[in-house]
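This report refers to the structure that appears directly beneath it.
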Amino acid sequence: MDLEFMRTHLPLYTEAAWLTLRIAAMGILLAFLIGLVTSITKYLKIPVLTQIANVYIELSRNTPLLIQLFFLYFGLPKLGVVLSSESCGIIGLAFLGGSYMSEAFRSGLDNVAQIQTQSGLSLGFTNSQIFRHIILPQAVSTSVPLFCANVIFLIKETSVFSAVALADLMFVAKDLIGIYYKTDEALFMLVSAYLVILLPISVIASFIERRVRYAGFGDTSAVSG
Amino acid sequence: MNEVLQVKHLTKSYEKDEPVLKDINFNLQKGEVVVIVGPSGCGKSTFLRCLNLLEPIDEGSIVLGGETIGRKDKNVHQHRQKIGMVFQSYELFPHLSIINNILLAPVKVQKRDRKEAEREALALLERVGLSDKKDAFPRQLSGGQKQRVAIVRALIMNPEVLLLDEITAALDPEMVREVLQVVLKLAQEGMTMAIVTHEMEFAKAVADRVMFMDQGVIVEENTAKEFFAYPKTERAKQFLNTFHYEALEI
């Protein structure tokens, strides 16, 4: 391996890593909001909006991100909507991630027993108070592991961004291979870059999971053990 | 007559099916304890849930302290605060500590001062012997302890009547006792209660009046003493016999 080559081109990777992270962060945040809104819509069975949410979720989950990006980047301009590569990346990731976040949160909501609502009603709570103080906190804490898994999944999905001319990590690696034929070095740095991004996130995620799953519910033995 | 709760000609059915409750008439005086017994599926739990407006009713009326109440009322939430309910499966809120379980409704629903409500909560916990558990979480408690907390959670709302729906059915025998003791104490202090239970000995001890239901109707109604010693109807005799195992034939 050519260490000198790797050292000189490290800045390219750092820059690309920041770009990847920035787009991932915005895309995931949007995905999270879409997920929250659609799952609550479905949970409350709001007419019309529930059907729209269902169509969106099926469309989003059953098409690959690459195709979604192609549509945004090459398809929309034909309809007169031109988006920058970065916008395409963010919107694409949000579109894909929204359905995954939605399903994660829905399973959390479904997990809260119906009788908890009745227990709240019998104490005089209104439906919206029950949702806010009783259902939501329980649903969030059971959904957190799924949220975390989705965050990692979505960051990995960013590797197809190069297809819409975004200078992300994958793009840089392919570029370097194309120019210098330094396949081993370029790919090694690519894998390392993803690990440097994802490993800390994974560690933080499992820490959060433990906090909300056990300590928050009072099973302290599970934390220490 | 000091009637807390009155039910007139209550009829209820789930979609298209045979009615689960047929023309029920029921009165509850202040300080009175009525125990409702009957075979599984006779409609006694459904009846309690109707009283608390958790289930819609088809016909008849429910009168609480002179006011006819219904699920569609604007102030249905105020009505429910006056009718406490304890469930078989406790239904504590798993994400909150015991003290917060108890305080959530007084603080959020009744907008009471947290400090002041907390003093009352601690006094109530003390009374059920659980003051050391205030910071524990529901999953750290035994079934009997959870059920005592559920009773405290209902009591802090200062209800006019307390409905207990088979509150010992999910408990181990040793824990049944500690829960029933709490209920017995409440009865002595004059709490108005409607209790659904399968514990016949407890029913004998706590009830002023017993209501025997079968297939959605009140078959027999009498003082506790009379009902257990001299059941009038054949159906009630049969039912009470099922609790005497010495009569089992091999």
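Chain labels run A, B, ... following the order of the structure tokens; each chain numbers its residues from 1, and ligands are numbered from 1 in the order shown.
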For the contact check between chain A and chain B, emit one row per residue of chain A within 9 Å, containing the shortest atom pair and the distance in Å rounded to one decimal, counting only C-alpha atoms, chain then rising number order, as JSON lines.
```
{"residue": "A:Ile115", "atom": "CA", "partner": "B:Glu91", "partner_atom": "CA", "distance": 7.2}
{"residue": "A:Gln116", "atom": "CA", "partner": "B:Glu91", "partner_atom": "CA", "distance": 6.0}
{"residue": "A:Gln118", "atom": "CA", "partner": "B:Leu54", "partner_atom": "CA", "distance": 7.0}
{"residue": "A:Ser119", "atom": "CA", "partner": "B:Glu91", "partner_atom": "CA", "distance": 6.3}
{"residue": "A:Gly120", "atom": "CA", "partner": "B:Ala105", "partner_atom": "CA", "distance": 8.3}
{"residue": "A:Leu121", "atom": "CA", "partner": "B:Arg80", "partner_atom": "CA", "distance": 7.2}
{"residue": "A:Ser122", "atom": "CA", "partner": "B:Arg80", "partner_atom": "CA", "distance": 5.6}
{"residue": "A:Leu123", "atom": "CA", "partner": "B:Gln81", "partner_atom": "CA", "distance": 5.5}
{"residue": "A:Gly124", "atom": "CA", "partner": "B:His77", "partner_atom": "CA", "distance": 4.6}
{"residue": "A:Phe125", "atom": "CA", "partner": "B:Val109", "partner_atom": "CA", "distance": 6.0}
{"residue": "A:Thr126", "atom": "CA", "partner": "B:His77", "partner_atom": "CA", "distance": 6.5}
{"residue": "A:Gln129", "atom": "CA", "partner": "B:Lys108", "partner_atom": "CA", "distance": 8.2}
{"residue": "A:His133", "atom": "CA", "partner": "B:Leu104", "partner_atom": "CA", "distance": 8.3}
{"residue": "A:Ile134", "atom": "CA", "partner": "B:Phe93", "partner_atom": "CA", "distance": 6.9}
{"residue": "A:Pro137", "atom": "CA", "partner": "B:His95", "partner_atom": "CA", "distance": 7.1}
{"residue": "A:Gln138", "atom": "CA", "partner": "B:His95", "partner_atom": "CA", "distance": 6.2}
{"residue": "A:Ser141", "atom": "CA", "partner": "B:His95", "partner_atom": "CA", "distance": 8.7}
{"residue": "A:Gly216", "atom": "CA", "partner": "B:His95", "partner_atom": "CA", "distance": 6.6}
{"residue": "A:Phe217", "atom": "CA", "partner": "B:His95", "partner_atom": "CA", "distance": 5.3}
{"residue": "A:Gly218", "atom": "CA", "partner": "B:Phe137", "partner_atom": "CA", "distance": 5.0}
{"residue": "A:Asp219", "atom": "CA", "partner": "B:Gln140", "partner_atom": "CA", "distance": 6.9}
```
Inset, instruction - Just list the residues in segment 32-209 of chain B DSSP gives strand (DSSP E) on the backbone, as a ChimeraX atom specification. - result: /B:33-37,59-64,67-69,83-86,161-165,193-196,209
Kindly save the residues from that selection, with N, CA, C and O atoms included, as a short mmCIF file (atom, residue, chain, number, x, y, z; two decimals), in the first residue's frame.
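This went into result.cif:
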```cif
data_model
loop_
_atom_site.label_atom_id
_atom_site.label_comp_id
_atom_site.auth_asym_id
_atom_site.auth_seq_id
_atom_site.Cartn_x
_atom_site.Cartn_y
_atom_site.Cartn_z
N VAL B 33 -71.20 -0.47 49.68
CA VAL B 33 -70.34 -1.33 48.87
C VAL B 33 -71.19 -2.43 48.25
O VAL B 33 -71.79 -3.24 48.95
N VAL B 34 -71.27 -2.41 46.92
CA VAL B 34 -72.02 -3.44 46.22
C VAL B 34 -71.03 -4.35 45.50
O VAL B 34 -70.13 -3.88 44.81
N VAL B 35 -71.17 -5.64 45.73
CA VAL B 35 -70.32 -6.58 45.02
C VAL B 35 -71.14 -7.27 43.95
O VAL B 35 -72.26 -7.70 44.20
N ILE B 36 -70.58 -7.29 42.75
CA ILE B 36 -71.28 -7.92 41.63
C ILE B 36 -70.60 -9.25 41.34
O ILE B 36 -69.39 -9.29 41.09
N VAL B 37 -71.34 -10.34 41.44
CA VAL B 37 -70.77 -11.66 41.15
C VAL B 37 -71.54 -12.30 40.02
O VAL B 37 -72.65 -11.87 39.68
N GLU B 59 -79.30 1.75 25.42
CA GLU B 59 -80.51 2.35 25.99
C GLU B 59 -80.32 2.55 27.48
O GLU B 59 -79.44 1.94 28.08
N GLY B 60 -81.16 3.38 28.05
CA GLY B 60 -81.13 3.60 29.48
C GLY B 60 -80.28 4.80 29.84
O GLY B 60 -79.78 5.51 28.95
N SER B 61 -80.13 5.04 31.14
CA SER B 61 -79.37 6.21 31.54
C SER B 61 -78.55 5.93 32.79
O SER B 61 -78.85 5.03 33.57
N ILE B 62 -77.49 6.71 32.94
CA ILE B 62 -76.63 6.63 34.11
C ILE B 62 -76.69 8.00 34.78
O ILE B 62 -76.46 9.02 34.13
N VAL B 63 -77.02 8.01 36.05
CA VAL B 63 -77.16 9.27 36.78
C VAL B 63 -76.12 9.33 37.89
O VAL B 63 -76.08 8.46 38.75
N LEU B 64 -75.27 10.33 37.82
CA LEU B 64 -74.22 10.47 38.82
C LEU B 64 -74.51 11.74 39.64
O LEU B 64 -74.50 12.84 39.09
N GLU B 67 -77.08 13.97 38.15
CA GLU B 67 -76.88 14.46 36.78
C GLU B 67 -76.75 13.28 35.82
O GLU B 67 -75.94 12.37 36.06
N THR B 68 -77.54 13.28 34.77
CA THR B 68 -77.44 12.21 33.79
C THR B 68 -76.16 12.39 32.98
O THR B 68 -75.89 13.48 32.48
N ILE B 69 -75.37 11.33 32.88
CA ILE B 69 -74.08 11.46 32.20
C ILE B 69 -74.01 10.51 31.01
O ILE B 69 -74.65 9.46 31.00
N ILE B 83 -65.47 9.15 38.97
CA ILE B 83 -65.66 7.70 39.03
C ILE B 83 -64.29 7.04 38.88
O ILE B 83 -63.76 6.95 37.78
N GLY B 84 -63.71 6.62 39.98
CA GLY B 84 -62.40 5.98 39.91
C GLY B 84 -62.53 4.55 39.44
O GLY B 84 -63.55 3.91 39.65
N MET B 85 -61.48 4.06 38.75
CA MET B 85 -61.56 2.67 38.29
C MET B 85 -60.21 2.00 38.47
O MET B 85 -59.17 2.58 38.20
N VAL B 86 -60.26 0.77 38.94
CA VAL B 86 -59.03 -0.03 39.05
C VAL B 86 -59.22 -1.28 38.21
O VAL B 86 -60.25 -1.94 38.29
N VAL B 161 -67.13 7.65 43.65
CA VAL B 161 -67.36 6.21 43.67
C VAL B 161 -66.15 5.52 43.03
O VAL B 161 -65.50 6.05 42.14
N LEU B 162 -65.84 4.34 43.55
CA LEU B 162 -64.69 3.60 43.05
C LEU B 162 -65.18 2.28 42.45
O LEU B 162 -65.96 1.56 43.08
N LEU B 163 -64.75 2.00 41.21
CA LEU B 163 -65.12 0.75 40.56
C LEU B 163 -63.91 -0.18 40.54
O LEU B 163 -62.84 0.22 40.08
N LEU B 164 -64.07 -1.38 41.05
CA LEU B 164 -62.94 -2.32 41.07
C LEU B 164 -63.30 -3.52 40.20
O LEU B 164 -64.23 -4.25 40.48
N ASP B 165 -62.53 -3.69 39.12
CA ASP B 165 -62.86 -4.73 38.15
C ASP B 165 -61.93 -5.93 38.31
O ASP B 165 -60.84 -5.95 37.75
N MET B 193 -68.37 1.96 46.76
CA MET B 193 -67.67 1.12 45.79
C MET B 193 -68.61 0.13 45.10
O MET B 193 -69.55 -0.37 45.69
N ALA B 194 -68.30 -0.13 43.82
CA ALA B 194 -68.92 -1.24 43.10
C ALA B 194 -67.78 -2.18 42.72
O ALA B 194 -66.82 -1.76 42.08
N ILE B 195 -67.88 -3.42 43.18
CA ILE B 195 -66.76 -4.34 43.04
C ILE B 195 -67.18 -5.59 42.28
O ILE B 195 -68.16 -6.23 42.61
N VAL B 196 -66.42 -5.90 41.24
CA VAL B 196 -66.60 -7.18 40.55
C VAL B 196 -65.50 -8.11 41.04
O VAL B 196 -64.33 -7.74 41.02
N ARG B 209 -74.21 -5.19 49.92
CA ARG B 209 -75.22 -5.77 49.04
C ARG B 209 -74.52 -6.58 47.96
O ARG B 209 -73.42 -6.23 47.53
#
```
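Summary of the local environment: counting only C-alpha atoms, residues at most 8 Å from Leu36 of chain A, other than itself and those fewer than 5 positions away along its chain, are Met101, Ser102 and Phe105 of chain A.
With only C-alpha atoms as the atoms that count, the residue of A:Phe147, A:Phe5, A:Tyr13, A:Tyr56 with the shortest distance to Lys174 of chain A is A:Tyr13.
In this structure, atom CA of Gly190 of chain B sits 28.1 Å away from atom CA of Ala236 of chain B.
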Inset, instruction - Between atom CA of Met175 of chain B and atom CA of Lys134 of chain B, measure the distance and give it in Å to one decimal. - result: 19.1 Å
Inset, instruction - Give the answer as one residue: which of B:Ala123, B:Ala229, B:Met213, B:Val176 has the shortest atom-to-atom distance to Gly143 of chain B, using only C-alpha atoms? - result: B:Val176
Legend entry - Surrounding residues of segment 178-189 of chain B excluding itself and chain neighbours under 5 positions, 12 Å, only C-alpha atoms, as a PyMOL selection string: chain B and resi 30-35+86+88+90+124-130+142-152+155+161-164+166-173+194-195+197+199-208
Legend entry - Residues flagged alpha helix (DSSP H) by DSSP in segment 81-235 of chain B, as a ChimeraX atom specification: /B:81-82,98-108,114-127,143-155,173-188,200-206,224-229,234-235
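Across B:Ser45, B:Thr233, B:Asn100, B:Asn222, the tightest approach to Leu122 of chain B is made by B:Asn100 when counting only C-alpha atoms.
Counting only C-alpha atoms and comparing B:Thr11, B:Leu103, B:Val4, B:Glu221, the residue that lies closest to Glu116 of chain B is B:Leu103.
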Inset, instruction - Name the residues in contact with Asn111 of chain A at a cut-off of 8 Å, using only C-alpha atoms, excluding same-chain residues fewer than 4 positions from it; report them as an MDAnalysis selection string. - result: chainID A and resid 107 139 142
May I have the selected residues written with all heavy atoms, as a PDB file, in the first residue's frame?
```
ATOM      1  N   SER A 107     -44.631   0.736  15.005  1.00  0.00           N
ATOM      2  CA  SER A 107     -44.557  -0.471  15.824  1.00  0.00           C
ATOM      3  C   SER A 107     -44.482  -0.093  17.299  1.00  0.00           C
ATOM      4  O   SER A 107     -45.008  -0.792  18.157  1.00  0.00           O
ATOM      5  CB  SER A 107     -43.372  -1.346  15.397  1.00  0.00           C
ATOM      6  OG  SER A 107     -42.170  -0.777  15.855  1.00  0.00           O
ATOM      7  N   ALA A 139     -44.157   4.788  23.347  1.00  0.00           N
ATOM      8  CA  ALA A 139     -43.894   4.425  21.955  1.00  0.00           C
ATOM      9  C   ALA A 139     -42.475   4.814  21.561  1.00  0.00           C
ATOM     10  O   ALA A 139     -41.763   4.043  20.933  1.00  0.00           O
ATOM     11  CB  ALA A 139     -44.905   5.102  21.039  1.00  0.00           C
ATOM     12  N   THR A 142     -39.861   2.392  22.970  1.00  0.00           N
ATOM     13  CA  THR A 142     -39.736   1.090  22.309  1.00  0.00           C
ATOM     14  C   THR A 142     -39.234   1.233  20.878  1.00  0.00           C
ATOM     15  O   THR A 142     -38.685   0.298  20.318  1.00  0.00           O
ATOM     16  CB  THR A 142     -41.067   0.299  22.278  1.00  0.00           C
ATOM     17  OG1 THR A 142     -42.113   1.184  21.952  1.00  0.00           O
ATOM     18  CG2 THR A 142     -41.351  -0.381  23.591  1.00  0.00           C
TER      19      THR A 142
END
```
